[in-house]
Amino acid sequence: MEPKSYTSGERVFGPPRGTFDADWAATALRSNRPELDFATSVRAVEQAWELLRTRDLRGAELAKALDMEPDLASAVAAVATEIAEFYLDRP
């Protein structure tokens, strides 16, 4: 089965509820930080998601825990936190 593009179905709006899609999150990050290449964006959001899930960090606390420059860490943490609020924290 071929992977679906971002222009089809649910992926236009985001990953299915309760899941994390690093490619989608990286695209969201690049909308705020277009100078980042895609691979770097994926690695950054994966690192943030790992900290969010294992240490339950969000927002500024997550940004402080990320091993990257502060402005980038804030942007990455904002994306990861927003995804968690939309896809994990809602009942």
# chains A, B, ... in the order shown; residues from 1 in each chain; ligands from 1
>>> select_by_dssp(residues="region 22-77 of chain A", states="alpha helix (DSSP H)", output="PyMOL selection string")
chain A and resi 22-32+38-55+59-65+70-77
>>> write_last_selection(atoms="N, CA and C atoms", output="compact mmCIF listing (two decimals), in the first residue's frame")
# COMPACT_ATOMS: atom_id res chain seq x y z
N ALA A 22 5.69 12.53 13.17
CA ALA A 22 6.85 13.43 13.16
C ALA A 22 6.93 14.24 11.87
N ASP A 23 6.54 13.67 10.75
CA ASP A 23 6.57 14.42 9.49
C ASP A 23 5.60 15.59 9.53
N TRP A 24 4.40 15.34 10.06
CA TRP A 24 3.40 16.41 10.15
C TRP A 24 3.88 17.49 11.11
N ALA A 25 4.43 17.07 12.25
CA ALA A 25 4.92 18.03 13.24
C ALA A 25 6.09 18.84 12.68
N ALA A 26 6.96 18.19 11.92
CA ALA A 26 8.08 18.90 11.31
C ALA A 26 7.59 19.95 10.32
N THR A 27 6.56 19.62 9.59
CA THR A 27 5.97 20.59 8.66
C THR A 27 5.40 21.78 9.42
N ALA A 28 4.73 21.49 10.54
CA ALA A 28 4.21 22.58 11.38
C ALA A 28 5.35 23.45 11.90
N LEU A 29 6.43 22.84 12.34
CA LEU A 29 7.59 23.59 12.83
C LEU A 29 8.17 24.47 11.72
N ARG A 30 8.28 23.93 10.53
CA ARG A 30 8.86 24.68 9.42
C ARG A 30 7.98 25.84 8.98
N SER A 31 6.71 25.80 9.31
CA SER A 31 5.87 26.96 8.98
C SER A 31 6.28 28.18 9.80
N ASN A 32 6.87 27.96 10.98
CA ASN A 32 7.37 29.04 11.83
C ASN A 32 8.87 29.25 11.68
N PHE A 38 14.02 19.79 6.33
CA PHE A 38 13.02 18.86 6.81
C PHE A 38 13.60 17.84 7.80
N ALA A 39 14.76 17.26 7.47
CA ALA A 39 15.36 16.23 8.34
C ALA A 39 15.68 16.79 9.73
N THR A 40 16.21 18.00 9.78
CA THR A 40 16.50 18.64 11.07
C THR A 40 15.22 18.87 11.85
N SER A 41 14.18 19.29 11.16
CA SER A 41 12.89 19.52 11.82
C SER A 41 12.32 18.24 12.40
N VAL A 42 12.42 17.16 11.65
CA VAL A 42 11.92 15.86 12.15
C VAL A 42 12.68 15.46 13.40
N ARG A 43 14.01 15.55 13.37
CA ARG A 43 14.80 15.17 14.55
C ARG A 43 14.44 16.02 15.76
N ALA A 44 14.24 17.31 15.54
CA ALA A 44 13.92 18.21 16.65
C ALA A 44 12.57 17.87 17.28
N VAL A 45 11.55 17.65 16.45
CA VAL A 45 10.24 17.35 17.03
C VAL A 45 10.21 15.95 17.66
N GLU A 46 10.99 15.04 17.11
CA GLU A 46 11.07 13.71 17.75
C GLU A 46 11.72 13.80 19.12
N GLN A 47 12.77 14.60 19.24
CA GLN A 47 13.41 14.80 20.54
C GLN A 47 12.42 15.42 21.53
N ALA A 48 11.70 16.42 21.09
CA ALA A 48 10.73 17.08 21.97
C ALA A 48 9.63 16.12 22.38
N TRP A 49 9.13 15.34 21.44
CA TRP A 49 8.05 14.41 21.75
C TRP A 49 8.50 13.35 22.76
N GLU A 50 9.73 12.89 22.63
CA GLU A 50 10.26 11.91 23.57
C GLU A 50 10.29 12.49 24.99
N LEU A 51 10.75 13.72 25.13
CA LEU A 51 10.76 14.36 26.45
C LEU A 51 9.35 14.62 26.97
N LEU A 52 8.48 15.02 26.08
CA LEU A 52 7.09 15.28 26.48
C LEU A 52 6.45 13.99 27.02
N ARG A 53 6.67 12.90 26.32
CA ARG A 53 6.04 11.63 26.72
C ARG A 53 6.69 10.98 27.94
N THR A 54 8.02 11.06 28.03
CA THR A 54 8.70 10.37 29.12
C THR A 54 8.79 11.19 30.40
N ARG A 55 8.84 12.53 30.27
CA ARG A 55 9.00 13.38 31.45
C ARG A 55 7.82 14.31 31.67
N GLY A 59 5.57 23.23 27.14
CA GLY A 59 5.88 24.65 27.08
C GLY A 59 7.31 25.00 27.43
N ALA A 60 7.47 25.98 28.32
CA ALA A 60 8.80 26.50 28.68
C ALA A 60 9.68 25.43 29.31
N GLU A 61 9.08 24.54 30.11
CA GLU A 61 9.86 23.46 30.73
C GLU A 61 10.44 22.54 29.66
N LEU A 62 9.65 22.25 28.66
CA LEU A 62 10.12 21.41 27.56
C LEU A 62 11.23 22.12 26.80
N ALA A 63 11.05 23.39 26.51
CA ALA A 63 12.07 24.16 25.79
C ALA A 63 13.41 24.15 26.54
N LYS A 64 13.36 24.30 27.85
CA LYS A 64 14.59 24.29 28.65
C LYS A 64 15.29 22.94 28.61
N ALA A 65 14.53 21.86 28.50
CA ALA A 65 15.10 20.51 28.51
C ALA A 65 15.69 20.11 27.16
N PRO A 70 18.12 28.38 22.27
CA PRO A 70 16.87 28.74 22.94
C PRO A 70 15.69 29.11 22.04
N ASP A 71 15.92 29.90 20.99
CA ASP A 71 14.80 30.28 20.12
C ASP A 71 14.23 29.07 19.38
N LEU A 72 15.12 28.21 18.91
CA LEU A 72 14.66 26.99 18.24
C LEU A 72 13.95 26.08 19.23
N ALA A 73 14.51 25.94 20.42
CA ALA A 73 13.89 25.09 21.44
C ALA A 73 12.48 25.58 21.77
N SER A 74 12.30 26.88 21.83
CA SER A 74 10.96 27.42 22.11
C SER A 74 9.98 27.10 20.99
N ALA A 75 10.43 27.21 19.74
CA ALA A 75 9.57 26.91 18.60
C ALA A 75 9.21 25.43 18.56
N VAL A 76 10.18 24.57 18.82
CA VAL A 76 9.95 23.13 18.82
C VAL A 76 9.01 22.74 19.97
N ALA A 77 9.26 23.30 21.14
CA ALA A 77 8.42 23.00 22.30
C ALA A 77 6.99 23.46 22.06
>>> atom_distance(atom1="CA of Leu57 (chain A)", atom2="CA of Glu35 (chain A)")
25.9 Å
